[in-house]
Structures are given as C-alpha cells and as structure tokens.
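For reference, input.txt is printed below; it contains compact mmCIF, C-alpha atoms.
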```txt
# COMPACT_ATOMS: atom_id res chain seq x y z
CA MET A 98 -51.46 -32.46 9.17
CA HIS A 99 -52.00 -33.54 5.59
CA PRO A 100 -49.73 -36.22 4.11
CA GLN A 101 -46.87 -34.88 2.04
CA GLY A 102 -45.69 -36.23 -1.27
CA HIS A 103 -47.36 -37.90 -4.20
CA ILE A 104 -50.09 -40.47 -3.52
CA ILE A 105 -49.70 -43.60 -5.64
CA GLU A 106 -52.66 -45.95 -5.73
CA HIS A 107 -52.55 -49.61 -6.71
CA SER A 108 -54.57 -48.72 -9.83
CA PHE A 109 -52.01 -45.99 -10.73
CA SER A 110 -54.84 -43.44 -10.73
CA ASP A 111 -53.92 -39.88 -9.81
CA ASP A 112 -57.40 -39.03 -8.48
CA ALA A 113 -56.39 -39.39 -4.81
CA ASP A 114 -53.36 -37.18 -5.37
CA ILE A 115 -55.52 -34.55 -7.09
CA SER A 116 -57.87 -34.68 -4.11
CA ARG A 117 -54.89 -34.23 -1.76
CA GLU A 118 -53.77 -31.21 -3.76
CA LEU A 119 -57.29 -29.72 -3.63
CA LYS A 120 -57.32 -29.97 0.17
CA SER A 121 -53.87 -28.45 0.30
CA LEU A 122 -54.98 -25.62 -2.01
CA PHE A 123 -57.82 -24.67 0.34
CA ALA A 124 -55.58 -24.98 3.40
CA ARG A 125 -52.99 -22.61 1.88
CA THR A 126 -55.70 -20.19 0.75
CA ASN A 127 -57.38 -20.13 4.17
CA LEU A 128 -54.02 -19.46 5.82
CA LEU A 129 -53.43 -16.50 3.51
CA ILE A 130 -56.94 -15.16 4.10
CA ARG A 131 -56.51 -15.30 7.89
CA ARG A 132 -53.09 -13.68 7.91
CA PHE A 133 -53.12 -11.26 4.98
CA ALA A 134 -56.74 -10.18 4.40
CA ARG A 135 -55.93 -6.48 4.78
CA CYS A 136 -52.93 -6.34 2.43
CA THR A 137 -52.97 -4.49 -0.86
CA SER A 138 -53.89 -6.30 -4.04
CA ASN A 139 -50.27 -6.22 -5.28
CA VAL A 140 -49.03 -7.89 -2.09
CA LYS A 141 -51.83 -10.47 -2.30
CA VAL A 142 -50.88 -11.33 -5.89
CA LYS A 143 -47.26 -11.95 -4.84
CA LEU A 144 -48.42 -14.09 -1.92
CA PHE A 145 -50.84 -16.01 -4.12
CA ARG A 146 -48.12 -16.69 -6.71
CA SER A 147 -45.71 -17.84 -4.01
CA PHE A 148 -47.96 -19.96 -1.83
CA VAL A 149 -50.95 -21.06 -3.87
CA LEU A 150 -49.57 -21.55 -7.37
CA CYS A 151 -47.02 -24.09 -6.14
CA PHE A 152 -48.92 -27.25 -7.00
CA TYR A 153 -46.82 -30.23 -5.96
CA ASP A 154 -46.06 -32.73 -8.75
CA ILE A 155 -48.92 -31.51 -10.95
CA ALA A 156 -46.89 -32.28 -14.09
CA LEU A 157 -46.81 -35.99 -13.23
CA TRP A 158 -50.57 -36.48 -13.36
CA ASN A 159 -51.44 -38.69 -16.28
CA ASN A 160 -54.18 -41.13 -15.28
CA PHE A 161 -57.22 -39.46 -13.72
CA GLN A 162 -60.92 -38.85 -14.16
CA GLN A 163 -61.70 -35.52 -15.78
CA ALA A 164 -64.10 -34.74 -12.92
CA SER A 165 -61.19 -34.77 -10.44
CA LEU A 166 -59.25 -32.20 -12.44
CA LYS A 167 -62.38 -30.06 -12.88
CA LYS A 168 -62.85 -30.00 -9.09
CA LEU A 169 -59.29 -28.76 -8.69
CA ALA A 170 -59.77 -26.12 -11.39
CA SER A 171 -62.97 -25.01 -9.67
CA GLY A 172 -61.17 -24.90 -6.34
CA TYR A 173 -58.47 -22.71 -7.90
CA VAL A 174 -61.08 -20.19 -9.05
CA LYS A 175 -62.86 -20.32 -5.69
CA SER A 176 -59.56 -19.69 -3.90
CA LEU A 177 -58.91 -16.67 -6.09
CA LYS A 178 -62.34 -15.22 -5.43
CA LEU A 179 -62.13 -15.80 -1.68
CA PHE A 180 -58.63 -14.39 -1.22
CA PHE A 181 -59.12 -11.33 -3.41
CA GLY A 182 -62.70 -10.64 -2.32
CA PHE A 183 -64.45 -11.07 -5.66
CA ALA A 184 -68.18 -11.79 -5.80
CA LYS A 185 -69.34 -15.36 -6.33
CA TYR A 186 -70.50 -14.72 -9.90
CA SER A 187 -67.62 -12.47 -10.99
CA SER A 188 -66.18 -13.09 -14.43
CA VAL A 189 -63.22 -15.42 -14.09
CA THR A 190 -61.54 -14.07 -17.23
CA ALA A 191 -61.88 -10.46 -16.09
CA MET A 192 -60.61 -11.38 -12.63
CA LEU A 193 -57.54 -13.19 -14.00
CA MET A 194 -56.76 -10.34 -16.38
CA GLN A 195 -57.12 -7.73 -13.64
CA LEU A 196 -54.81 -9.64 -11.30
CA ARG A 197 -52.47 -10.78 -14.11
CA LEU A 198 -52.67 -14.36 -12.87
CA PRO A 199 -52.78 -17.48 -15.03
CA SER A 200 -55.83 -19.68 -15.48
CA PHE A 201 -55.69 -23.17 -14.02
CA ASP A 202 -55.27 -24.66 -17.50
CA THR A 203 -52.26 -22.40 -18.06
CA VAL A 204 -50.73 -23.43 -14.72
CA LEU A 205 -51.15 -27.10 -15.63
CA HIS A 206 -49.77 -26.61 -19.15
CA ASN A 207 -46.74 -24.61 -17.95
CA ALA A 208 -45.93 -27.21 -15.30
CA LYS A 209 -45.93 -30.02 -17.86
CA VAL A 210 -43.88 -28.06 -20.41
CA SER A 211 -41.35 -27.07 -17.76
CA PHE A 212 -41.09 -30.62 -16.42
CA PHE A 213 -40.50 -32.20 -19.82
CA ALA A 214 -38.00 -29.48 -20.78
CA ARG A 215 -35.99 -30.26 -17.64
CA LEU A 216 -36.35 -33.99 -18.28
CA LYS A 217 -34.72 -33.61 -21.71
CA CYS A 218 -31.63 -32.10 -20.07
CA VAL A 219 -31.08 -35.07 -17.75
CA LYS A 220 -28.09 -37.21 -18.67
CA ASN A 221 -29.37 -40.63 -17.63
CA GLY A 222 -29.33 -43.71 -19.85
CA LEU A 223 -32.32 -45.16 -17.98
CA PHE A 224 -34.58 -42.52 -19.53
CA ASP A 225 -33.40 -43.55 -22.97
CA VAL A 226 -33.97 -47.24 -22.27
CA LEU A 227 -37.47 -46.62 -20.92
CA GLY A 228 -38.31 -44.29 -23.79
CA LEU A 229 -39.09 -41.35 -21.51
CA ARG A 230 -37.58 -38.80 -23.86
```
Translate the structure of the given file into structure tokens.
Amino acid sequence: MHPQGHIIEHSFSDDADISRELKSLFARTNLLIRRFARCTSNVKVKLFRSFVLCFYDIALWNNFQQASLKKLASGYVKSLKLFFGFAKYSSVTAMLMQLRLPSFDTVLHNAKVSFFARLKCVKNGLFDVLGLR
C-alpha cells in the first residue's frame, strides 16, 4: 500500500510528494479501468471526476522542479487516454472538450484558488502573525 498523507522532505521540496501523487494517480486509474471498462462515457466521466481528480494536497505544492509537475501533467493526460480509450496521439484539447473535463493546469489552478479562498475565511490569529493571508 502506498503511504498516505503529504511527504515532507528535509529540503522542503515537494518533488517526492508529486511523485507519490503520480503513483496514486496511476493506481486509481488502473482500478477504474479494471472495474469499469465497459461503462458508458457519461458514467466514466463521473467516475473520473470522483476518483481521479481528487489530488491530495495539490494546492500546498510550492517548492518543486518543473519537471516533476510536467510528469504529473503528462500522467493525467495518459490516464485520461487509457481510461476513455483514446488513441496515443489524440488531441488533448479535443479530448478534454469532448469529455468536458478540465486540463491539468486548470485542476491545479482551481485547487489553489479554492484553498486560499477557504484560508481567508479562517478565524485564527496565527495566520495573521505569520502573514499567511
């Protein structure tokens, strides 16, 4: 079983956590492929939104190599193509529009916006002292 939670390295790099999330992404996708390969596209979209788009603590990533994030973005596209049966060289934009699913950049952006919006609502003086708002 894969470790749960956020991986914190002594260097405060998020690369190991991004790698953990990539492995988890493929594990969730493979589970869906094995169990739901014959479902309709609408059902698959709902399953994908529920089980694959739930990236754990993605909004907290701040210190990482760009290559790590590109691997995860590539893994996201590969998961989409595998689960929905698209060809290897299918247009990513056309695929996302057809399925009405967000791009990886949109998922990352929405997670950060949502996190910081919720953070502003927290009534905790520690956030003010640390300058987190």
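Using all atoms listed in the file, the smallest distance between any of A:Phe109, A:Leu196, A:Leu119, A:Ala164 and A:Val140 comes from A:Leu196.
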query: Which of these, A:Ala156, A:Leu166, A:Leu129, A:Thr137, has the shortest distance to A:Ala113 once you count all atoms listed in the file?
result: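 Residue with the minimum atom-to-atom distance to A:Ala113: A:Leu166.
Taking all atoms listed in the file into account, A:Phe161 lies nearest to A:Ile105 out of the set A:Ile105, A:Ala124, A:Ala208, A:Ala214.
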- prompt: Hey, can you check how far atom CA of A:Ile115 sits from atom CA of A:Leu205?
  reply: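 Between atom CA of A:Ile115 and atom CA of A:Leu205 the gap is 12.1 Å.
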message: Could you check which residues have any atom within 12 Å of (-48.2, -11.9, -4.2), counting only C-alpha atoms with coordinates taken straight from the file, and then list them as a ChimeraX atom specification?
response: /A:129,133,136-150,177,180-181,196-198
- prompt: If you count all atoms listed in the file, which residues fall within 12 Å of A:Ser171, apart from same-chain ones fewer than 6 positions away, as a ChimeraX atom specification?
  reply: /A:119,122-123,164-165,177-178,189,200-202
task: Give me, please, the distance in Å between atom CA of A:His103 and atom CA of A:Asp154, quoted to one decimal.
output: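 Atom CA of A:His103 sits 7.0 Å away from atom CA of A:Asp154.
Picture a line from atom CA of A:Asn160 to atom CA of A:Leu193; it runs 28.2 Å.
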